[in-house]
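Here the structure comes first, spelled out in structure tokens, and everything after it is commentary.
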Amino acid sequence: NAGVTQTPKFRVLKTGQSMTLLCAQDMNHEYMYWYRQDPGMGLRLIHYSVGEGTTAKGEVPDGYNVSRLKKQNFLLGLESAAPSQTSVYFCASRTAGANYGYTFGSGTRLTVV
Amino acid sequence: LAKTTQPISMDSYEGQEVNITCSHNNIATNDYITWYQQFPSQGPRFIIQGYKTKVTNEVASLFIPADRKSSTLSLPRVSLSDTAVYYCLVGDRDDMRFGAGTRLTVKP
């Protein structure tokens, strides 16, 4: 049982480049989330999804897009990367109505130069 | 939505008991209180949840007074490996936010 898997684990981008971060979960969770964490800071919610085909904005959605075409996958896209998007990105999933049951991935460390 | 307030950081020494308090003045009747722990370079993990009075598990205890306007996470006899960020969550909403948490540093 892999839980939540994030790919890639590390990436360096040049300003203006685009990329997609993939999150996959095998627990049949309805809810999926993308958070970012800057050095020494807490988690900030970027986007989330409460089910296949649905997405919604979180606290800091600007500069990111997401898609949830399949229940088990949640993609985070950066269309034109900026240095301010240098961060560690965490994906999480959980069952509806169970805020004790967040399962997080191991994170993607992204550096934009 | 119940807004939470917790200290930004705390320091402790090995073997001491650490208490981290979270204030949530506008907690709703049906809201549970949940704490997560995040080690460096890892995602947060669930440690304890409670509704009222006291809850204890193998990792921590959670004390909740009768008015439920605050809660205290208690870590007995901390070790260096308890150095982490601790998040207090109240209620359950689709766009759950973890906030800044409390950064606990345990010193030798």
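Labeling convention for the structure tokens: chains A, B, ... as they appear, residues from 1 per chain, ligands from 1 in order of appearance.
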Chain B contacts on chain A, only C-alpha atoms, 9 Å, as a ChimeraX atom specification: /A:31,33,40-45,47-50,56-59,88,90-92,96-107
DSSP strand (DSSP E) residues within region 6-107 of chain B, listed as an NGL selection string: :B and (9-13 or 18-23 or 33-38 or 45-50 or 53-56 or 61-64 or 70-75 or 84-90 or 102-107)
Residue nearest Asn28 (chain A) - candidates A:Thr108, A:Asn73, A:Thr86, A:Ser80, atoms counted: only C-alpha atoms: A:Asn73
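CA of Val112 (chain A) lies 4.8 Å from CA of Pro83 (chain A).
Straight-line separation from CA of Leu62 (chain B) to CA of Ile46 (chain A): 29.5 Å.
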Distance in Å - CA of Gln6 (chain B) versus CA of Val55 (chain B): 19.3 Å
